[in-house]
Amino acid sequence: MEAATRGCQCHALRAQDERYKRLGEIIAQYAGQPGALIPVLHHAQEVFGYLPHDVQVLVAEGLDVPLSEVDGVITFYSLFTSEPRGKYKIGICLGTACYVKGAAAVLEELKKQVGVDIGKTSADGLFTLEVTRCVGACGLAPVMTIGDDVYGRLTPEDVAGILDKYIQAEKNGKA
Amino acid sequence: MAEYRTHVLVCAGAGCVSSNCKAVEAALQDELEQVGLAEEVKVVETGCIGTCDLGPVMVVYPEGVFYQKLTPDDAREIVNEHFLKGRIVRRLLYKAPQSEELVERAEDMDFFRRQYRIALRNTGVINPEVIEEYIARDGYAALGKVLSEMSQEQVIDEIKKSCLRGRGGAGFPTGLKWEFTYKAPGEEKYVVCNADEGDPGAFMDRSILEGDPHTLIEAMAIAGYAVGARQGFVYVRAEYPLAVERLSMALEQARSYGLLGENIFGTDFSFDIGIRVGAGAFVCGEETALLTSIEGKRGEPRPRPPFPAVKGVFGKPTLLSNVETYANICPIILHGADWFLGIGTEKSKGTKVFAIAGDINNTGLVEVPMGTTLREIVFEIGGGIPHGKRFKAAQTGGPSGGCLTTEHLDIHVDYESLKQVGSMMGSGGLIVMDEDTCMVDIARFFLDFTRDESCGKCTPCRIGTTRMLEILTRITEGKGEEGDIEKLEALAHAIKAGSLCGLGQSAPNPVLSTLHYFRDEYEAHIREKRCPAGHCIALLKFVVDPELCRGCGLCTKVCPVGAISGKRREPHQIDTDLCTKCGACQEKCPFDAISRH
């Protein structure tokens, strides 16, 4: 484990990176508490957007748990990811109520429009397509979330228009 | 304190937040200020009122007028007409689905009239972010009573006497759990709340957390006193950020009022609660997996015994119940076990909260006495099936449960009656399905869920659910073979017998239950390659009715694969070999001449 953090230039780069400073604070806050690993990973993912290998190494060292256990926890829970995600996370709910109300057809349309399969990120890095468990908004079924926005009572025809809002916002933001 | 002549309760449950209730509330406040009524009309943001598909909704008191499907533009009319002139805005009232009559007052709606609210007594009534509103409705009085008047044994006896059973699924007597934890040897003990509500379609725990978080805190403190714990944990799913936010806020308030922390009410009793947020694993709703997850590990179940009451979190005796169970505790302490025993059926006392969703007019959250019939829940409270369709089945118990059919509409719903017909109470999700639902596909859907959520520890569950899903997928794609049903049954029994936890033991239930009640649908898929509900795309055939077809040619234009041919003004034909069954032609046909079989 030590070789991974010594020997390379990472230290120098990290020192300038606010995110690693924040990670250090999080680990210090939780170190020594029982059951700290999952809360620390939640915070770390908030800071970095995902959990790359070097972050996993730092968490393992900081909390004094084997790296294998850190990796084991990350792969077990579906909300943790070790790969970067798109700017907007699309979550289509496939809970029972949404499924009964036709979420499968909306998902197919999303795949077509975004051009990727479930769990993948579009080539432009804008969208990651994910299937979520019941979000508890069954009254609005079928439901999808994009970032913090919730869209309910969807039909496949709605998909293109909704995605376009984000694509246009992105274009205008850059222009 | 200012006195208001009118109170407006605006629902801020998750469903209404998603339909933009905050903008409605802001617009209403604006309008009130403009006409100078802000000192007379008070707007209160509440938790889930229950009518989730009608959102955003508000109830105006003292009249009790219920307005639905509001937009910010409606605010001005409500203020000018209702609050200034005293005239109800009729176009915003609820229309009863069957009689099509407008209903003015919430209490006259079938949806509310038939409910009996214990667990949800404050949800949708108080502002969950203001502790004083909870206290004003007898909040923390039960904790005060317990700490000042009752011994630990008396508290446990009262809960035992009430016959309250766990509302998370299995229905284990709550009082016994308290007693086991109390009697378990050890200095350090824990009280844990399972708020990892993962059954798709169940959202009652979420509504309590978001709408009345203090009831949970108070009940956990009472439990802590009774069993001898000084630390509690609430394990809540990460998918419920609003619940986490409101619960955190409530915990802070309780601490600042001295209702949590050291020497509560000046007694020797000290207790505090921490939140643990899940990370997206359904199996963590299983009690031993949940405890492992609180310890920061992979949420894999452990064998029982030892039960959590003996060896729970960090190996210490732990009392573990779900949110709705805790929400019943304070009323039982305040009103007494005898009062609680007067509600419900012989073996299932009290009420149960159901989340009704799917093909139903009134989607939402209802609390009814145990023993209410399925017919009352679906047709009277739920308002029946939309679009004039027929009721086909209702799934209870989520992916661990089974389906109820038309023959079960008159059973009195409680723990025993549901078990008897091959389903279970579960956490209270009730998904209604109409005649267009394919039961084979629903079974496939649930297996897809459990296969994905199997933690992988037990081979029969990990591999067995995969094999079952493969067979079910094959059947819905028209590739079913003779013997598939028998294979499904053999696998189902092996998985149930060979799995450690409730997830594996119950994963085959949806298949066994649909096989029991809808075997003919499986057989039609396998033998006749036909989906009786007209749902499974691979088994559908689109045909043109030559009597109705006028040969307009619209369908040939929309068909993406050129599968439709025919002369102008003459009936057309669909080439089934080329047809991809996209359904575009059926949608486009102005004469309804194209049908799917």
# chains A, B, ... in the order shown; residues from 1 in each chain; ligands from 1

$ interface_residues --of "chain B" --to "chain A" --cutoff "7 Å" --atoms "only C-alpha atoms" --output "MDAnalysis selection string"
chainID B and resid 14:15 18 52:53 200:203 239 279:281 294:298 357:358 363:364 431

$ write_last_selection --atoms "N, CA, C and O atoms" --output "PDB file, in the first residue's frame"
ATOM      1  N   ALA B  14     -42.837  14.059  -0.404  1.00  0.00           N
ATOM      2  CA  ALA B  14     -41.934  13.929  -1.554  1.00  0.00           C
ATOM      3  C   ALA B  14     -42.673  14.012  -2.889  1.00  0.00           C
ATOM      4  O   ALA B  14     -42.184  14.623  -3.837  1.00  0.00           O
ATOM      5  N   GLY B  15     -43.876  13.427  -2.955  1.00  0.00           N
ATOM      6  CA  GLY B  15     -44.625  13.455  -4.208  1.00  0.00           C
ATOM      7  C   GLY B  15     -44.987  14.877  -4.597  1.00  0.00           C
ATOM      8  O   GLY B  15     -44.837  15.292  -5.738  1.00  0.00           O
ATOM      9  N   SER B  18     -42.074  16.987  -5.662  1.00  0.00           N
ATOM     10  CA  SER B  18     -41.744  16.681  -7.061  1.00  0.00           C
ATOM     11  C   SER B  18     -42.701  17.367  -8.024  1.00  0.00           C
ATOM     12  O   SER B  18     -42.344  17.637  -9.162  1.00  0.00           O
ATOM     13  N   CYS B  52     -51.100  11.336  -3.216  1.00  0.00           N
ATOM     14  CA  CYS B  52     -49.876  11.697  -3.935  1.00  0.00           C
ATOM     15  C   CYS B  52     -50.084  12.026  -5.412  1.00  0.00           C
ATOM     16  O   CYS B  52     -49.329  12.794  -5.987  1.00  0.00           O
ATOM     17  N   ASP B  53     -51.093  11.438  -6.055  1.00  0.00           N
ATOM     18  CA  ASP B  53     -51.235  11.717  -7.482  1.00  0.00           C
ATOM     19  C   ASP B  53     -52.059  12.976  -7.738  1.00  0.00           C
ATOM     20  O   ASP B  53     -52.257  13.369  -8.873  1.00  0.00           O
ATOM     21  N   PRO B 200     -40.219  -1.950  -3.536  1.00  0.00           N
ATOM     22  CA  PRO B 200     -40.690  -0.966  -4.506  1.00  0.00           C
ATOM     23  C   PRO B 200     -42.191  -0.748  -4.353  1.00  0.00           C
ATOM     24  O   PRO B 200     -42.959  -1.707  -4.273  1.00  0.00           O
ATOM     25  N   GLY B 201     -42.591   0.498  -4.291  1.00  0.00           N
ATOM     26  CA  GLY B 201     -44.011   0.799  -4.165  1.00  0.00           C
ATOM     27  C   GLY B 201     -44.450   1.022  -2.738  1.00  0.00           C
ATOM     28  O   GLY B 201     -45.607   1.307  -2.489  1.00  0.00           O
ATOM     29  N   ALA B 202     -43.541   0.910  -1.774  1.00  0.00           N
ATOM     30  CA  ALA B 202     -43.896   1.172  -0.381  1.00  0.00           C
ATOM     31  C   ALA B 202     -43.218   2.457   0.048  1.00  0.00           C
ATOM     32  O   ALA B 202     -42.010   2.585  -0.091  1.00  0.00           O
ATOM     33  N   PHE B 203     -43.999   3.426   0.531  1.00  0.00           N
ATOM     34  CA  PHE B 203     -43.362   4.679   0.939  1.00  0.00           C
ATOM     35  C   PHE B 203     -43.960   5.249   2.224  1.00  0.00           C
ATOM     36  O   PHE B 203     -43.978   6.446   2.446  1.00  0.00           O
ATOM     37  N   GLU B 239     -31.704   6.937  -0.812  1.00  0.00           N
ATOM     38  CA  GLU B 239     -32.648   7.419  -1.807  1.00  0.00           C
ATOM     39  C   GLU B 239     -33.651   8.408  -1.212  1.00  0.00           C
ATOM     40  O   GLU B 239     -34.472   8.971  -1.935  1.00  0.00           O
ATOM     41  N   ALA B 279     -26.520   2.726   1.278  1.00  0.00           N
ATOM     42  CA  ALA B 279     -25.798   3.050   0.054  1.00  0.00           C
ATOM     43  C   ALA B 279     -26.325   2.243  -1.127  1.00  0.00           C
ATOM     44  O   ALA B 279     -25.591   1.878  -2.030  1.00  0.00           O
ATOM     45  N   GLY B 280     -27.619   1.959  -1.082  1.00  0.00           N
ATOM     46  CA  GLY B 280     -28.221   1.316  -2.240  1.00  0.00           C
ATOM     47  C   GLY B 280     -28.061  -0.187  -2.265  1.00  0.00           C
ATOM     48  O   GLY B 280     -27.488  -0.726  -3.200  1.00  0.00           O
ATOM     49  N   ALA B 281     -28.511  -0.861  -1.212  1.00  0.00           N
ATOM     50  CA  ALA B 281     -28.528  -2.322  -1.228  1.00  0.00           C
ATOM     51  C   ALA B 281     -29.818  -2.769  -0.558  1.00  0.00           C
ATOM     52  O   ALA B 281     -29.994  -2.570   0.640  1.00  0.00           O
ATOM     53  N   ILE B 294     -24.475  -1.218   9.408  1.00  0.00           N
ATOM     54  CA  ILE B 294     -24.208  -0.156  10.392  1.00  0.00           C
ATOM     55  C   ILE B 294     -22.761  -0.251  10.868  1.00  0.00           C
ATOM     56  O   ILE B 294     -22.106   0.745  11.146  1.00  0.00           O
ATOM     57  N   GLU B 295     -22.251  -1.491  10.915  1.00  0.00           N
ATOM     58  CA  GLU B 295     -20.862  -1.676  11.340  1.00  0.00           C
ATOM     59  C   GLU B 295     -19.874  -1.258  10.260  1.00  0.00           C
ATOM     60  O   GLU B 295     -18.662  -1.361  10.442  1.00  0.00           O
ATOM     61  N   GLY B 296     -20.392  -0.829   9.103  1.00  0.00           N
ATOM     62  CA  GLY B 296     -19.519  -0.320   8.045  1.00  0.00           C
ATOM     63  C   GLY B 296     -19.009  -1.393   7.102  1.00  0.00           C
ATOM     64  O   GLY B 296     -18.030  -1.192   6.395  1.00  0.00           O
ATOM     65  N   LYS B 297     -19.673  -2.528   7.094  1.00  0.00           N
ATOM     66  CA  LYS B 297     -19.200  -3.626   6.247  1.00  0.00           C
ATOM     67  C   LYS B 297     -20.168  -3.879   5.088  1.00  0.00           C
ATOM     68  O   LYS B 297     -21.217  -3.256   4.988  1.00  0.00           O
ATOM     69  N   ARG B 298     -19.789  -4.836   4.217  1.00  0.00           N
ATOM     70  CA  ARG B 298     -20.701  -5.304   3.186  1.00  0.00           C
ATOM     71  C   ARG B 298     -21.951  -5.832   3.879  1.00  0.00           C
ATOM     72  O   ARG B 298     -21.850  -6.599   4.826  1.00  0.00           O
ATOM     73  N   ALA B 357     -50.609   1.960  -5.122  1.00  0.00           N
ATOM     74  CA  ALA B 357     -50.059   2.526  -6.355  1.00  0.00           C
ATOM     75  C   ALA B 357     -50.356   1.567  -7.507  1.00  0.00           C
ATOM     76  O   ALA B 357     -50.945   0.513  -7.314  1.00  0.00           O
ATOM     77  N   GLY B 358     -49.937   1.957  -8.685  1.00  0.00           N
ATOM     78  CA  GLY B 358     -50.184   1.138  -9.868  1.00  0.00           C
ATOM     79  C   GLY B 358     -51.421   1.616 -10.602  1.00  0.00           C
ATOM     80  O   GLY B 358     -51.670   2.821 -10.698  1.00  0.00           O
ATOM     81  N   THR B 363     -53.859   7.139  -6.089  1.00  0.00           N
ATOM     82  CA  THR B 363     -52.575   6.657  -5.591  1.00  0.00           C
ATOM     83  C   THR B 363     -52.272   7.380  -4.300  1.00  0.00           C
ATOM     84  O   THR B 363     -52.542   8.571  -4.188  1.00  0.00           O
ATOM     85  N   GLY B 364     -51.719   6.693  -3.327  1.00  0.00           N
ATOM     86  CA  GLY B 364     -51.354   7.409  -2.118  1.00  0.00           C
ATOM     87  C   GLY B 364     -51.218   6.524  -0.912  1.00  0.00           C
ATOM     88  O   GLY B 364     -51.128   5.294  -1.016  1.00  0.00           O
ATOM     89  N   ILE B 431     -49.695  -2.900  -4.812  1.00  0.00           N
ATOM     90  CA  ILE B 431     -49.657  -2.499  -6.213  1.00  0.00           C
ATOM     91  C   ILE B 431     -50.859  -3.107  -6.925  1.00  0.00           C
ATOM     92  O   ILE B 431     -51.024  -4.328  -6.942  1.00  0.00           O
TER      93      ILE B 431
END

$ select_by_dssp --residues "chain A" --states "strand (DSSP E)" --output "JSON, numbers by chain"
{"A": [88, 89, 90, 91, 92, 93, 127, 128, 129, 130, 131, 132, 144, 145, 146, 149, 150, 151]}

$ residues_around --residues "Glu158 in chain B" --least-positions-apart "3" --cutoff "10 Å" --atoms "only C-alpha atoms" --output "PyMOL selection string"
chain B and resi 153-155+161-164+175+329+332-333+336-338

$ write_last_selection --atoms "N, CA, C and O atoms" --output "short mmCIF file (atom, residue, chain, number, x, y, z; two decimals), in the first residue's frame"
data_model
loop_
_atom_site.label_atom_id
_atom_site.label_comp_id
_atom_site.auth_asym_id
_atom_site.auth_seq_id
_atom_site.Cartn_x
_atom_site.Cartn_y
_atom_site.Cartn_z
N GLU B 153 -40.06 -2.47 33.33
CA GLU B 153 -40.92 -3.65 33.15
C GLU B 153 -42.35 -3.23 32.80
O GLU B 153 -43.01 -3.87 32.00
N GLN B 154 -42.81 -2.16 33.42
CA GLN B 154 -44.18 -1.70 33.14
C GLN B 154 -44.34 -1.27 31.68
O GLN B 154 -45.36 -1.54 31.05
N VAL B 155 -43.31 -0.60 31.16
CA VAL B 155 -43.37 -0.16 29.77
C VAL B 155 -43.44 -1.39 28.85
O VAL B 155 -44.29 -1.48 27.95
N LYS B 161 -48.87 -6.18 26.17
CA LYS B 161 -50.32 -6.30 26.32
C LYS B 161 -51.06 -5.76 25.09
O LYS B 161 -52.12 -6.24 24.72
N SER B 162 -50.47 -4.76 24.43
CA SER B 162 -51.14 -4.16 23.28
C SER B 162 -51.16 -5.08 22.07
O SER B 162 -51.88 -4.85 21.11
N CYS B 163 -50.34 -6.15 22.11
CA CYS B 163 -50.23 -7.11 20.99
C CYS B 163 -49.76 -6.43 19.70
O CYS B 163 -50.06 -6.92 18.60
N LEU B 164 -49.05 -5.32 19.83
CA LEU B 164 -48.49 -4.67 18.63
C LEU B 164 -47.51 -5.63 17.97
O LEU B 164 -46.69 -6.25 18.63
N GLY B 175 -43.58 -6.38 21.68
CA GLY B 175 -43.32 -6.42 23.12
C GLY B 175 -42.32 -7.52 23.49
O GLY B 175 -41.47 -7.34 24.37
N ILE B 329 -45.96 3.47 19.05
CA ILE B 329 -45.60 3.34 20.47
C ILE B 329 -46.20 4.45 21.34
O ILE B 329 -46.84 4.16 22.36
N ILE B 332 -49.88 4.22 22.14
CA ILE B 332 -50.18 3.10 23.04
C ILE B 332 -49.85 3.48 24.48
O ILE B 332 -50.63 3.21 25.41
N ILE B 333 -48.71 4.14 24.67
CA ILE B 333 -48.34 4.55 26.03
C ILE B 333 -49.35 5.57 26.58
O ILE B 333 -49.78 5.48 27.74
N GLY B 336 -53.09 3.77 26.39
CA GLY B 336 -53.17 2.46 27.04
C GLY B 336 -53.38 1.32 26.05
O GLY B 336 -53.94 1.50 24.97
N ALA B 337 -52.90 0.14 26.45
CA ALA B 337 -52.98 -1.03 25.59
C ALA B 337 -54.43 -1.41 25.29
O ALA B 337 -54.74 -1.89 24.20
N ASP B 338 -55.33 -1.20 26.27
CA ASP B 338 -56.73 -1.61 26.06
C ASP B 338 -57.37 -0.86 24.90
O ASP B 338 -58.15 -1.43 24.14
#

$ closest_residue --among "B:Gln34, B:Thr345, B:Thr351, B:Ser321" --to "Val79 in chain B" --atoms "only C-alpha atoms"
B:Gln34

$ closest_residue --among "A:Leu107, A:Leu129, A:Val65, A:Ile118" --to "Arg85 in chain A" --atoms "only C-alpha atoms"
A:Leu129
